[in-house]
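Visitor: Provided below: input-v1.txt, containing compact mmCIF, C-alpha atoms.
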```txt
# COMPACT_ATOMS: atom_id res chain seq x y z
CA MET A 1 12.83 6.95 -7.11
CA ARG A 2 15.79 5.47 -8.93
CA ARG A 3 18.03 7.69 -11.05
CA GLU A 4 16.44 6.52 -14.30
CA HIS A 5 13.01 7.55 -13.02
CA TYR A 6 14.21 11.13 -12.51
CA ILE A 7 15.67 11.12 -16.03
CA ARG A 8 12.39 9.82 -17.47
CA ASP A 9 10.46 12.46 -15.55
CA ALA A 10 12.70 15.24 -16.90
CA LEU A 11 12.41 13.99 -20.49
CA LEU A 12 8.61 13.76 -20.30
CA THR A 13 8.46 17.26 -18.82
CA MET A 14 10.51 18.70 -21.70
CA ARG A 15 8.46 16.80 -24.30
CA GLU A 16 5.29 18.36 -22.91
CA GLY A 17 6.81 21.83 -23.33
CA ARG A 18 7.03 22.57 -19.62
CA GLN A 19 10.03 24.26 -18.05
CA LEU A 20 12.01 22.41 -15.43
CA ASN A 21 12.13 24.34 -12.17
CA LEU A 22 15.22 23.31 -10.21
CA THR A 23 15.60 26.46 -8.14
CA VAL A 24 15.94 26.18 -4.39
CA PRO A 25 14.03 28.79 -2.33
CA VAL A 26 16.42 31.18 -0.59
CA ASP A 27 14.26 31.41 2.54
CA ALA A 28 13.72 28.56 4.96
CA HIS A 29 10.46 26.65 4.59
CA TYR A 30 8.78 25.04 7.58
CA LEU A 31 5.92 22.61 7.10
CA SER A 32 3.21 23.18 9.72
CA HIS A 33 1.15 20.01 10.19
CA SER A 34 -2.49 20.17 11.20
CA GLY A 35 -1.91 17.96 14.23
CA PRO A 36 1.02 17.05 16.48
CA ILE A 37 3.31 14.28 15.29
CA ARG A 38 4.59 12.24 18.19
CA PHE A 39 6.80 9.19 17.95
CA SER A 40 6.08 6.21 20.15
CA ARG A 41 8.11 3.02 20.00
CA PRO A 42 6.08 0.26 18.26
CA ALA A 43 5.13 -2.92 20.07
CA PRO A 44 7.32 -5.91 19.17
CA SER A 45 6.27 -8.44 16.57
CA THR A 46 4.10 -11.33 17.73
CA GLY A 47 5.12 -13.59 14.83
CA THR A 48 6.24 -17.09 15.73
CA ARG A 49 7.96 -18.15 12.50
CA LYS A 50 11.74 -18.22 12.66
CA GLN A 51 13.23 -15.72 10.24
CA PRO A 52 15.46 -17.49 7.70
CA GLN A 53 18.86 -16.06 6.87
CA LYS A 54 18.98 -13.13 4.49
CA ASN A 55 19.87 -13.81 0.88
CA ILE A 56 20.14 -11.96 -2.41
CA VAL A 57 16.72 -13.17 -3.61
CA ALA A 58 14.20 -12.56 -0.82
CA LYS A 59 13.76 -9.65 1.60
CA ARG A 60 13.65 -10.26 5.34
CA GLY A 61 12.84 -7.89 8.14
CA THR A 62 10.08 -6.08 10.01
CA ALA A 63 7.75 -3.20 9.15
CA VAL A 64 5.35 -1.26 11.34
CA HIS A 65 1.58 -1.46 11.04
CA ILE A 66 0.84 2.26 11.40
CA ALA A 67 -2.68 2.12 12.85
CA ASP A 68 -1.75 -0.41 15.55
CA ASN A 69 1.84 0.82 16.02
CA GLN A 70 2.84 -2.85 15.87
CA ALA A 71 6.02 -4.26 14.35
CA MET A 72 5.34 -7.13 11.96
CA GLY A 73 7.81 -9.43 10.28
CA PHE A 74 7.98 -10.32 6.61
CA GLN A 75 9.90 -12.97 4.69
CA GLY A 76 9.68 -11.61 1.17
CA SER A 77 8.96 -8.49 -0.87
CA ILE A 78 5.39 -9.59 -1.65
CA GLU A 79 4.60 -10.06 2.04
CA MET A 80 6.20 -6.68 2.78
CA ASN A 81 4.16 -4.99 0.04
CA ALA A 82 0.98 -6.68 1.26
CA LEU A 83 1.52 -5.25 4.74
CA LEU A 84 1.47 -1.73 3.26
CA ILE A 85 -1.36 -2.32 0.79
CA TYR A 86 -3.73 -3.94 3.29
CA GLN A 87 -3.46 -0.86 5.50
CA VAL A 88 -4.81 1.29 2.65
CA VAL A 89 -7.01 -0.92 0.46
CA TYR A 90 -9.27 -2.49 3.05
CA ASP A 91 -11.28 -0.85 5.78
CA VAL A 92 -9.49 -2.95 8.38
CA VAL A 93 -10.37 -2.75 12.07
CA GLU A 94 -8.16 -5.63 13.20
CA PHE A 95 -4.95 -6.98 11.70
CA ARG A 96 -2.76 -9.90 12.82
CA GLU A 97 0.42 -11.40 11.47
CA GLU A 98 1.19 -15.11 11.08
CA TYR A 99 -2.26 -16.28 12.16
CA PRO A 100 -3.81 -18.82 12.22
CA ARG A 101 -1.53 -21.87 12.27
CA ILE A 102 -3.38 -24.87 10.83
CA PRO A 103 -2.16 -28.49 11.21
CA TYR A 104 -2.99 -30.93 8.39
CA ARG A 105 -2.05 -34.33 6.98
CA GLY A 106 -0.09 -33.96 3.73
CA ALA A 107 -0.11 -36.09 0.59
CA ASP A 108 3.05 -37.77 1.92
CA ASP A 109 0.96 -39.06 4.88
CA ARG A 110 2.93 -36.88 7.30
CA ASP A 111 1.78 -34.13 9.67
CA HIS A 112 2.38 -30.56 8.45
CA THR A 113 1.32 -27.05 9.45
CA HIS A 114 0.44 -24.00 7.37
CA THR A 115 0.73 -20.52 8.86
CA PHE A 116 -1.11 -17.72 7.05
CA ASP A 117 0.83 -14.49 6.59
CA HIS A 118 -2.02 -12.13 7.57
CA TRP A 119 -5.44 -12.25 9.22
CA LEU A 120 -7.83 -9.31 8.77
CA ARG A 121 -11.23 -8.29 10.07
CA LEU A 122 -13.06 -5.64 8.06
CA ARG A 123 -15.48 -3.03 9.35
CA ASP A 124 -18.45 -5.02 7.99
CA GLY A 125 -17.37 -8.04 10.05
CA THR A 126 -15.81 -10.04 7.19
CA ARG A 127 -12.71 -11.99 8.22
CA LEU A 128 -9.95 -12.78 5.71
CA VAL A 129 -6.79 -14.86 5.86
CA SER A 130 -4.09 -14.19 3.31
CA SER A 131 -0.95 -15.86 2.01
CA ALA A 132 1.47 -13.64 0.08
CA LYS A 133 3.66 -15.72 -2.22
CA PRO A 134 5.24 -15.46 -5.70
CA VAL A 135 3.51 -17.39 -8.48
CA LEU A 136 6.46 -19.73 -9.09
CA LEU A 137 6.57 -20.68 -5.41
CA ILE A 138 2.80 -21.30 -5.38
CA LYS A 139 3.18 -23.75 -8.26
CA LYS A 140 6.31 -25.36 -6.83
CA THR A 141 4.85 -25.99 -3.36
CA GLY A 142 1.28 -26.75 -4.45
CA LEU A 143 -0.04 -23.99 -2.19
CA GLU A 144 -3.45 -23.80 -3.89
CA GLN A 145 -4.08 -27.50 -3.27
CA THR A 146 -2.93 -27.13 0.34
CA LEU A 147 -5.29 -24.22 0.97
CA GLU A 148 -8.23 -26.11 -0.49
CA GLN A 149 -7.36 -29.08 1.70
CA ILE A 150 -7.34 -27.02 4.91
CA ARG A 151 -10.27 -24.75 3.94
CA PRO A 152 -12.80 -26.77 6.04
CA PHE A 153 -10.59 -26.19 9.10
CA VAL A 154 -10.19 -22.46 8.38
CA CYS A 155 -13.68 -21.41 7.28
CA PRO A 156 -15.75 -20.44 9.14
CA LYS A 157 -13.85 -21.03 12.40
CA TYR A 158 -11.07 -18.52 11.73
CA ALA A 159 -12.14 -16.65 8.58
CA ASP A 160 -14.84 -16.23 5.96
CA ASP A 161 -12.53 -16.43 2.96
CA ILE A 162 -8.96 -17.25 1.95
CA ARG A 163 -6.91 -14.95 -0.28
CA ILE A 164 -3.64 -15.43 -2.15
CA LEU A 165 -1.59 -12.35 -3.02
CA THR A 166 1.09 -12.62 -5.71
CA GLU A 167 3.49 -10.18 -7.35
CA TYR A 168 0.67 -9.27 -9.75
CA GLN A 169 -1.45 -7.79 -6.92
CA ALA A 170 1.11 -6.74 -4.30
CA THR A 171 3.26 -4.83 -6.78
CA ASP A 172 6.09 -2.46 -5.90
CA GLU A 173 4.09 0.39 -7.49
CA ALA A 174 1.01 -0.35 -5.36
CA ALA A 175 3.16 -0.57 -2.23
CA ALA A 176 4.84 2.76 -3.06
CA SER A 177 1.43 4.43 -3.44
CA ALA A 178 0.27 2.87 -0.17
CA ALA A 179 3.39 4.17 1.60
CA ARG A 180 2.73 7.71 0.32
CA ILE A 181 -0.90 7.56 1.47
CA LEU A 182 0.10 6.31 4.92
CA ARG A 183 2.61 9.13 5.17
CA CYS A 184 0.14 11.86 4.22
CA ARG A 185 -2.37 10.53 6.77
CA ARG A 186 0.19 11.32 9.45
CA THR A 187 1.48 14.64 8.10
CA ARG A 188 -1.56 16.14 6.33
CA VAL A 189 -1.89 19.93 6.34
CA GLU A 190 -5.56 20.93 6.16
CA ASP A 191 -4.83 24.44 4.83
CA HIS A 192 -3.06 23.02 1.76
CA ILE A 193 -5.79 20.42 1.26
CA GLN A 194 -8.50 23.10 1.30
CA ASP A 195 -6.46 25.18 -1.18
CA VAL A 196 -6.29 22.27 -3.63
CA ARG A 197 -10.00 21.52 -3.15
CA GLY A 198 -10.84 25.13 -3.97
CA ILE A 199 -8.64 25.15 -7.08
CA THR A 200 -10.09 21.89 -8.45
CA ALA A 201 -13.74 22.60 -7.57
CA SER A 202 -14.37 23.95 -11.08
CA PHE A 203 -12.18 21.40 -12.90
CA HIS A 204 -13.85 19.11 -15.45
CA GLY A 205 -12.07 16.31 -17.27
CA SER A 206 -8.55 15.12 -16.54
CA PHE A 207 -5.42 17.04 -15.55
CA LEU A 208 -1.82 16.20 -14.73
CA PHE A 209 -0.69 15.66 -11.17
CA GLY A 210 2.36 17.86 -11.84
CA ASP A 211 0.36 20.74 -13.32
CA LEU A 212 -1.75 20.95 -10.18
CA ALA A 213 1.24 20.64 -7.82
CA ARG A 214 3.29 23.37 -9.50
CA ILE A 215 0.64 26.02 -8.77
CA ALA A 216 2.00 26.21 -5.21
CA ARG A 217 5.10 28.23 -4.32
CA ILE A 218 6.51 25.01 -2.87
CA GLU A 219 5.39 22.12 -5.09
CA ALA A 220 5.85 19.56 -2.31
CA ASP A 221 3.13 21.29 -0.27
CA TYR A 222 0.44 20.67 -2.88
CA ALA A 223 1.89 17.27 -3.83
CA GLU A 224 1.26 16.05 -0.27
CA ALA A 225 -2.22 17.61 -0.36
CA ILE A 226 -2.98 15.83 -3.65
CA TRP A 227 -2.02 12.48 -2.09
CA ALA A 228 -4.28 13.24 0.86
CA LEU A 229 -7.19 13.99 -1.50
CA ILE A 230 -6.48 10.78 -3.43
CA ASP A 231 -6.77 8.95 -0.11
CA ASP A 232 -10.00 10.82 0.71
CA GLY A 233 -11.51 9.71 -2.61
CA TYR A 234 -11.80 13.27 -3.95
CA LEU A 235 -9.13 12.76 -6.63
CA ARG A 236 -8.64 9.58 -8.65
CA PRO A 237 -6.26 8.38 -11.36
CA THR A 238 -8.43 8.44 -14.50
CA CYS A 239 -7.50 4.89 -15.56
CA VAL A 240 -9.30 3.37 -12.57
CA MET A 241 -12.49 5.40 -12.30
CA ASP A 242 -14.51 2.16 -12.50
CA ASP A 243 -14.40 1.79 -8.71
CA PRO A 244 -14.36 5.35 -7.32
CA LEU A 245 -15.52 4.57 -3.78
CA SER A 246 -13.01 1.82 -3.02
CA ARG A 247 -9.26 1.93 -2.49
CA THR A 248 -8.84 -1.29 -4.49
CA TRP A 249 -7.80 0.96 -7.39
CA ILE A 250 -4.34 1.13 -5.83
CA VAL A 251 -3.35 -2.34 -7.05
CA ARG A 252 -4.16 -1.40 -10.67
CA ALA A 253 -2.99 2.18 -10.94
CA GLY A 254 0.72 1.66 -11.55
CA ARG A 255 3.32 4.22 -10.51
CA ILE A 256 1.78 7.61 -9.73
CA ASP A 257 3.99 10.58 -10.58
CA ASP A 258 3.79 14.10 -12.04
CA HIS A 259 2.54 12.70 -15.36
CA THR A 260 -0.41 10.77 -13.92
CA LEU A 261 -3.81 12.02 -15.05
CA LEU A 262 -6.31 12.74 -12.29
CA CYS A 263 -10.03 13.48 -12.18
CA VAL A 264 -12.27 15.03 -9.55
CA VAL A 265 -14.80 12.52 -8.19
CA ARG A 266 -18.20 14.15 -7.84
```
If you took the structure in this file and wrote it as structure tokens, what would it be?

Guide:
Amino acid sequence: MRREHYIRDALLTMREGRQLNLTVPVDAHYLSHSGPIRFSRPAPSTGTRKQPQKNIVAKRGTAVHIADNQAMGFQGSIEMNALLIYQVVYDVVEFREEYPRIPYRGADDRDHTHTFDHWLRLRDGTRLVSSAKPVLLIKKTGLEQTLEQIRPFVCPKYADDIRILTEYQATDEAAASAARILRCRRTRVEDHIQDVRGITASFHGSFLFGDLARIARIEADYAEAIWALIDDGYLRPTCVMDDPLSRTWIVRAGRIDDHTLLCVVR
């Protein structure tokens, strides 16, 4: 978090009448994960688009698709966020970058190509292609018209539907939540998760994330367990209880912190 987020968190904590606990345990604390964590070098990116030069406006680089251990390139913050969110929101069994590449004849009577940012196949067999672009760029380039023009060549040969992700869906907050969920999938500690399940089994109504985490001797232990239970569907932010069995809540939940209200899903 940025410095101002820590200041906001401290002010909200004091306003709620809770005491700030900034003490550092004197004894060493070792986190014992439920399974071995082994690093393996990810496979290189298969993207074919040439990365443009970095600038002060757009992000460039590569990120790793955790499930496939595959490096994937991105050419903007929205595309980077989408790479994280798609790994959490959808029940994806296959994920490709920069596929497919569709040739078409433009309004200027010249040959062009459009390369989709992501291709996904869901567990139910549905195939999706996605373009992640900012709203202003969509309007400037006429992307919606281009996608409708090439739809007959995309569906159903390559996909069943076409999606556009903008900064209103692939938000920084949603990407941050997705990153935390992906992390806890790799480092989850079942003992802590069972402790939190036992504590919340009798809970009714909403409660603060921070109040539940501070029950532990080391707050970070239960905080990681809470994220794991959010991923499991056992705990949900109360503002998005309309869709309790789907991870699509992540794009509407906003930033999740100690002051987020949670509910037990029964």

Visitor: May I ask for the distance between CA of Ala179 (chain A) and CA of Leu11 (chain A), given in Å to one decimal place?

Guide: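 According to the coordinates, CA of Ala179 (chain A) and CA of Leu11 (chain A) are separated by 25.8 Å.
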
Visitor: Considering all atoms listed in the file, return as a PyMOL selection string whatever protein or nucleic-acid residues lie within 9 Å of Ala170 (chain A), sequence-local ones (same chain, fewer than 4 positions apart) excluded.

Guide: chain A and resi 77-82+85+132+165-166+174-175+251

Visitor: Expressed in Å to a single decimal, how great is the separation between CA of Lys157 (chain A) and CA of Phe95 (chain A)?

Guide: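 Between these atoms lies a distance of 16.6 Å.
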
Visitor: Rounded to one decimal, what separation in Å do you get between CA of Gly17 (chain A) and CA of His5 (chain A)?

Guide: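 Separation between CA of Gly17 (chain A) and CA of His5 (chain A): 18.7 Å.
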
Visitor: Distance cut-off 7 Å, centre (-11.5, -2.3, 11.6) in file coordinates, counting all atoms listed in the file: which residues qualify? Return them as an NGL selection string.

Guide: :A and (91-94 or 121-123)

Visitor: I want to know what sits within 12 Å of Asp258 (chain A), based on all atoms listed in the file, with residues of the same chain fewer than 3 positions away left out; could you give that as an mmCIF file with C-alpha atoms, keeping the file's coordinate frame?

Guide:
```
data_model
loop_
_atom_site.group_PDB
_atom_site.id
_atom_site.type_symbol
_atom_site.label_atom_id
_atom_site.label_comp_id
_atom_site.auth_asym_id
_atom_site.auth_seq_id
_atom_site.Cartn_x
_atom_site.Cartn_y
_atom_site.Cartn_z
ATOM 1 C CA HIS A 5 13.010 7.550 -13.020
ATOM 2 C CA TYR A 6 14.210 11.130 -12.510
ATOM 3 C CA ARG A 8 12.390 9.820 -17.470
ATOM 4 C CA ASP A 9 10.460 12.460 -15.550
ATOM 5 C CA ALA A 10 12.700 15.240 -16.900
ATOM 6 C CA LEU A 12 8.610 13.760 -20.300
ATOM 7 C CA THR A 13 8.460 17.260 -18.820
ATOM 8 C CA GLU A 16 5.290 18.360 -22.910
ATOM 9 C CA ARG A 18 7.030 22.570 -19.620
ATOM 10 C CA PHE A 207 -5.420 17.040 -15.550
ATOM 11 C CA LEU A 208 -1.820 16.200 -14.730
ATOM 12 C CA PHE A 209 -0.690 15.660 -11.170
ATOM 13 C CA GLY A 210 2.360 17.860 -11.840
ATOM 14 C CA ASP A 211 0.360 20.740 -13.320
ATOM 15 C CA LEU A 212 -1.750 20.950 -10.180
ATOM 16 C CA ALA A 213 1.240 20.640 -7.820
ATOM 17 C CA ARG A 214 3.290 23.370 -9.500
ATOM 18 C CA GLU A 219 5.390 22.120 -5.090
ATOM 19 C CA ALA A 220 5.850 19.560 -2.310
ATOM 20 C CA TYR A 222 0.440 20.670 -2.880
ATOM 21 C CA ALA A 223 1.890 17.270 -3.830
ATOM 22 C CA ILE A 226 -2.980 15.830 -3.650
ATOM 23 C CA TRP A 227 -2.020 12.480 -2.090
ATOM 24 C CA PRO A 237 -6.260 8.380 -11.360
ATOM 25 C CA ARG A 255 3.320 4.220 -10.510
ATOM 26 C CA LEU A 261 -3.810 12.020 -15.050
ATOM 27 C CA LEU A 262 -6.310 12.740 -12.290
#
```

Visitor: Region 3-8 of chain A, all listed atoms, 4 Å padding on each side: what axis-aligned box centre and edge lengths in Å to one decimal come out, as JSON?

Guide:
```
{"center_x": 15.2, "center_y": 8.8, "center_z": -14.3, "size_x": 13.6, "size_y": 12.6, "size_z": 14.4}
```

Visitor: Once you count all atoms listed in the file, which residues end up no further than 9 Å from (-8.5, -14.4, 6.1) in the file's frame, shown as a PDB file with C-alpha atoms, in the coordinates of the input?

Guide:
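Output contents, as saved in out-v1.pdb:
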```pdb
ATOM      1  CA  TYR A  99      -2.260 -16.280  12.160  1.00  0.00           C
ATOM      2  CA  PRO A 100      -3.810 -18.820  12.220  1.00  0.00           C
ATOM      3  CA  PHE A 116      -1.110 -17.720   7.050  1.00  0.00           C
ATOM      4  CA  HIS A 118      -2.020 -12.130   7.570  1.00  0.00           C
ATOM      5  CA  TRP A 119      -5.440 -12.250   9.220  1.00  0.00           C
ATOM      6  CA  LEU A 120      -7.830  -9.310   8.770  1.00  0.00           C
ATOM      7  CA  ARG A 121     -11.230  -8.290  10.070  1.00  0.00           C
ATOM      8  CA  THR A 126     -15.810 -10.040   7.190  1.00  0.00           C
ATOM      9  CA  ARG A 127     -12.710 -11.990   8.220  1.00  0.00           C
ATOM     10  CA  LEU A 128      -9.950 -12.780   5.710  1.00  0.00           C
ATOM     11  CA  VAL A 129      -6.790 -14.860   5.860  1.00  0.00           C
ATOM     12  CA  SER A 130      -4.090 -14.190   3.310  1.00  0.00           C
ATOM     13  CA  SER A 131      -0.950 -15.860   2.010  1.00  0.00           C
ATOM     14  CA  VAL A 154     -10.190 -22.460   8.380  1.00  0.00           C
ATOM     15  CA  CYS A 155     -13.680 -21.410   7.280  1.00  0.00           C
ATOM     16  CA  TYR A 158     -11.070 -18.520  11.730  1.00  0.00           C
ATOM     17  CA  ALA A 159     -12.140 -16.650   8.580  1.00  0.00           C
ATOM     18  CA  ASP A 160     -14.840 -16.230   5.960  1.00  0.00           C
ATOM     19  CA  ASP A 161     -12.530 -16.430   2.960  1.00  0.00           C
ATOM     20  CA  ILE A 162      -8.960 -17.250   1.950  1.00  0.00           C
ATOM     21  CA  ARG A 163      -6.910 -14.950  -0.280  1.00  0.00           C
TER      22      ARG A 163
END
```

Visitor: Check the smallest atom-to-atom distance from each of A:Ser45, A:Thr200, A:Thr187, A:Ser177 to Ala63 (chain A) using only C-alpha atoms, then report the winner.

Guide: A:Ser45

Visitor: Would you kindly return, as a PyMOL selection string, each protein, DNA or RNA residue with an atom no farther than 8 Å from any atom of Tyr234 (chain A), considering all atoms listed in the file and excluding same-chain residues fewer than 5 positions away?

Guide: chain A and resi 229+264-266

Visitor: Name the closest residue to Thr113 (chain A) among the candidates A:His259, A:Arg96, A:Arg49, A:Lys59; distances are taken between atoms, counting only C-alpha atoms.

Guide: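 Ranking A:His259, A:Arg96, A:Arg49, A:Lys59 by distance to Thr113 (chain A), first place goes to A:Arg49.
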
Visitor: Find the residues around Val64 (chain A) up to 9 Å (all atoms listed in the file counted), leave out those fewer than 5 positions away in its own chain, and share them as a list in words.

Guide: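 Here the answer would be Pro42, Ala43, Ser45, Asn69, Gln70, Ala71, Met72, Gly73, Leu83 and Leu84 of chain A.
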
Visitor: Rank nothing, just name the residue among A:Glu190, A:Arg236, A:Ile102, A:Tyr90 nearest to Pro152 (chain A), using only C-alpha atoms.

Guide: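 Among the listed residues, A:Ile102 lies closest to Pro152 (chain A).
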
Visitor: Ranking A:Leu147, A:Gly61, A:Ala201, A:Asp68 by minimum distance to Pro103 (chain A) and counting only C-alpha atoms, which one comes first?

Guide: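 Using only C-alpha atoms, Pro103 (chain A) sits closest to A:Leu147.
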
Visitor: Nearest to Asp172 (chain A) among A:Cys263, A:Cys184, A:Ile256, A:Ile7, with distances taken over all atoms listed in the file: which residue is it?

Guide: A:Ile256

Visitor: Choose the residue, out of A:His65, A:His192, A:Glu4, A:Arg252, that has the smallest atom-to-atom separation from Ile218 (chain A); count only C-alpha atoms.

Guide: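 Residue with the minimum atom-to-atom distance to Ile218 (chain A): A:His192.
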
Visitor: Since the input has fewer atoms than a full residue there, write region 162-171 of chain A out with all heavy atoms, as a PDB file, in the frame of the given file.

Guide:
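Now in out_1.pdb:
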```
ATOM      1  N   ILE A 162     -10.410 -17.133   2.049  1.00  0.00           N
ATOM      2  CA  ILE A 162      -8.960 -17.250   1.950  1.00  0.00           C
ATOM      3  C   ILE A 162      -8.494 -16.508   0.702  1.00  0.00           C
ATOM      4  O   ILE A 162      -9.074 -16.667  -0.369  1.00  0.00           O
ATOM      5  CB  ILE A 162      -8.531 -18.731   1.877  1.00  0.00           C
ATOM      6  CG1 ILE A 162      -8.933 -19.467   3.158  1.00  0.00           C
ATOM      7  CG2 ILE A 162      -7.025 -18.853   1.651  1.00  0.00           C
ATOM      8  CD1 ILE A 162      -8.666 -20.963   3.111  1.00  0.00           C
ATOM      9  N   ARG A 163      -7.459 -15.705   0.846  1.00  0.00           N
ATOM     10  CA  ARG A 163      -6.910 -14.950  -0.280  1.00  0.00           C
ATOM     11  C   ARG A 163      -5.448 -15.337  -0.520  1.00  0.00           C
ATOM     12  O   ARG A 163      -4.727 -15.653   0.426  1.00  0.00           O
ATOM     13  CB  ARG A 163      -6.980 -13.450  -0.008  1.00  0.00           C
ATOM     14  CG  ARG A 163      -8.389 -12.904   0.213  1.00  0.00           C
ATOM     15  CD  ARG A 163      -9.153 -12.814  -1.097  1.00  0.00           C
ATOM     16  NE  ARG A 163     -10.520 -12.362  -0.887  1.00  0.00           N
ATOM     17  CZ  ARG A 163     -10.888 -11.089  -0.829  1.00  0.00           C
ATOM     18  NH1 ARG A 163      -9.973 -10.142  -0.941  1.00  0.00           N
ATOM     19  NH2 ARG A 163     -12.153 -10.766  -0.662  1.00  0.00           N
ATOM     20  N   ILE A 164      -5.049 -15.284  -1.781  1.00  0.00           N
ATOM     21  CA  ILE A 164      -3.640 -15.430  -2.150  1.00  0.00           C
ATOM     22  C   ILE A 164      -3.210 -14.154  -2.858  1.00  0.00           C
ATOM     23  O   ILE A 164      -3.853 -13.727  -3.824  1.00  0.00           O
ATOM     24  CB  ILE A 164      -3.401 -16.640  -3.070  1.00  0.00           C
ATOM     25  CG1 ILE A 164      -3.812 -17.938  -2.382  1.00  0.00           C
ATOM     26  CG2 ILE A 164      -1.933 -16.708  -3.482  1.00  0.00           C
ATOM     27  CD1 ILE A 164      -3.626 -19.174  -3.261  1.00  0.00           C
ATOM     28  N   LEU A 165      -2.151 -13.529  -2.375  1.00  0.00           N
ATOM     29  CA  LEU A 165      -1.590 -12.350  -3.020  1.00  0.00           C
ATOM     30  C   LEU A 165      -0.283 -12.740  -3.705  1.00  0.00           C
ATOM     31  O   LEU A 165       0.569 -13.387  -3.096  1.00  0.00           O
ATOM     32  CB  LEU A 165      -1.308 -11.248  -2.002  1.00  0.00           C
ATOM     33  CG  LEU A 165      -2.460 -10.344  -1.569  1.00  0.00           C
ATOM     34  CD1 LEU A 165      -1.937  -9.230  -0.684  1.00  0.00           C
ATOM     35  CD2 LEU A 165      -3.184  -9.763  -2.767  1.00  0.00           C
ATOM     36  N   THR A 166      -0.138 -12.353  -4.964  1.00  0.00           N
ATOM     37  CA  THR A 166       1.090 -12.620  -5.710  1.00  0.00           C
ATOM     38  C   THR A 166       1.719 -11.295  -6.124  1.00  0.00           C
ATOM     39  O   THR A 166       1.222 -10.217  -5.796  1.00  0.00           O
ATOM     40  CB  THR A 166       0.797 -13.460  -6.959  1.00  0.00           C
ATOM     41  OG1 THR A 166       0.079 -12.653  -7.920  1.00  0.00           O
ATOM     42  CG2 THR A 166      -0.024 -14.688  -6.627  1.00  0.00           C
ATOM     43  N   GLU A 167       2.813 -11.398  -6.883  1.00  0.00           N
ATOM     44  CA  GLU A 167       3.490 -10.180  -7.350  1.00  0.00           C
ATOM     45  C   GLU A 167       2.639  -9.394  -8.338  1.00  0.00           C
ATOM     46  O   GLU A 167       2.965  -8.239  -8.649  1.00  0.00           O
ATOM     47  CB  GLU A 167       4.828 -10.534  -7.990  1.00  0.00           C
ATOM     48  CG  GLU A 167       4.750 -11.435  -9.210  1.00  0.00           C
ATOM     49  CD  GLU A 167       4.884 -12.911  -8.858  1.00  0.00           C
ATOM     50  OE1 GLU A 167       4.397 -13.326  -7.787  1.00  0.00           O
ATOM     51  OE2 GLU A 167       5.460 -13.654  -9.676  1.00  0.00           O
ATOM     52  N   TYR A 168       1.544  -9.982  -8.825  1.00  0.00           N
ATOM     53  CA  TYR A 168       0.670  -9.270  -9.750  1.00  0.00           C
ATOM     54  C   TYR A 168      -0.356  -8.401  -9.019  1.00  0.00           C
ATOM     55  O   TYR A 168      -0.974  -7.524  -9.627  1.00  0.00           O
ATOM     56  CB  TYR A 168      -0.062 -10.261 -10.656  1.00  0.00           C
ATOM     57  CG  TYR A 168       0.882 -11.028 -11.550  1.00  0.00           C
ATOM     58  CD1 TYR A 168       1.190 -12.365 -11.285  1.00  0.00           C
ATOM     59  CD2 TYR A 168       1.499 -10.416 -12.639  1.00  0.00           C
ATOM     60  CE1 TYR A 168       2.072 -13.066 -12.085  1.00  0.00           C
ATOM     61  CE2 TYR A 168       2.390 -11.106 -13.440  1.00  0.00           C
ATOM     62  CZ  TYR A 168       2.663 -12.432 -13.159  1.00  0.00           C
ATOM     63  OH  TYR A 168       3.556 -13.125 -13.949  1.00  0.00           O
ATOM     64  N   GLN A 169      -0.581  -8.647  -7.739  1.00  0.00           N
ATOM     65  CA  GLN A 169      -1.450  -7.790  -6.920  1.00  0.00           C
ATOM     66  C   GLN A 169      -0.617  -6.904  -5.991  1.00  0.00           C
ATOM     67  O   GLN A 169      -0.797  -5.693  -5.963  1.00  0.00           O
ATOM     68  CB  GLN A 169      -2.426  -8.620  -6.095  1.00  0.00           C
ATOM     69  CG  GLN A 169      -3.483  -9.355  -6.885  1.00  0.00           C
ATOM     70  CD  GLN A 169      -3.002 -10.703  -7.372  1.00  0.00           C
ATOM     71  OE1 GLN A 169      -2.244 -11.374  -6.679  1.00  0.00           O
ATOM     72  NE2 GLN A 169      -3.447 -11.115  -8.547  1.00  0.00           N
ATOM     73  N   ALA A 170       0.271  -7.503  -5.233  1.00  0.00           N
ATOM     74  CA  ALA A 170       1.110  -6.740  -4.300  1.00  0.00           C
ATOM     75  C   ALA A 170       2.358  -6.243  -5.015  1.00  0.00           C
ATOM     76  O   ALA A 170       3.487  -6.649  -4.722  1.00  0.00           O
ATOM     77  CB  ALA A 170       1.482  -7.622  -3.099  1.00  0.00           C
ATOM     78  N   THR A 171       2.160  -5.340  -5.961  1.00  0.00           N
ATOM     79  CA  THR A 171       3.260  -4.830  -6.780  1.00  0.00           C
ATOM     80  C   THR A 171       4.056  -3.770  -6.023  1.00  0.00           C
ATOM     81  O   THR A 171       3.581  -3.176  -5.052  1.00  0.00           O
ATOM     82  CB  THR A 171       2.727  -4.216  -8.083  1.00  0.00           C
ATOM     83  OG1 THR A 171       1.915  -3.065  -7.758  1.00  0.00           O
ATOM     84  CG2 THR A 171       1.887  -5.226  -8.852  1.00  0.00           C
TER      85      THR A 171
END
```
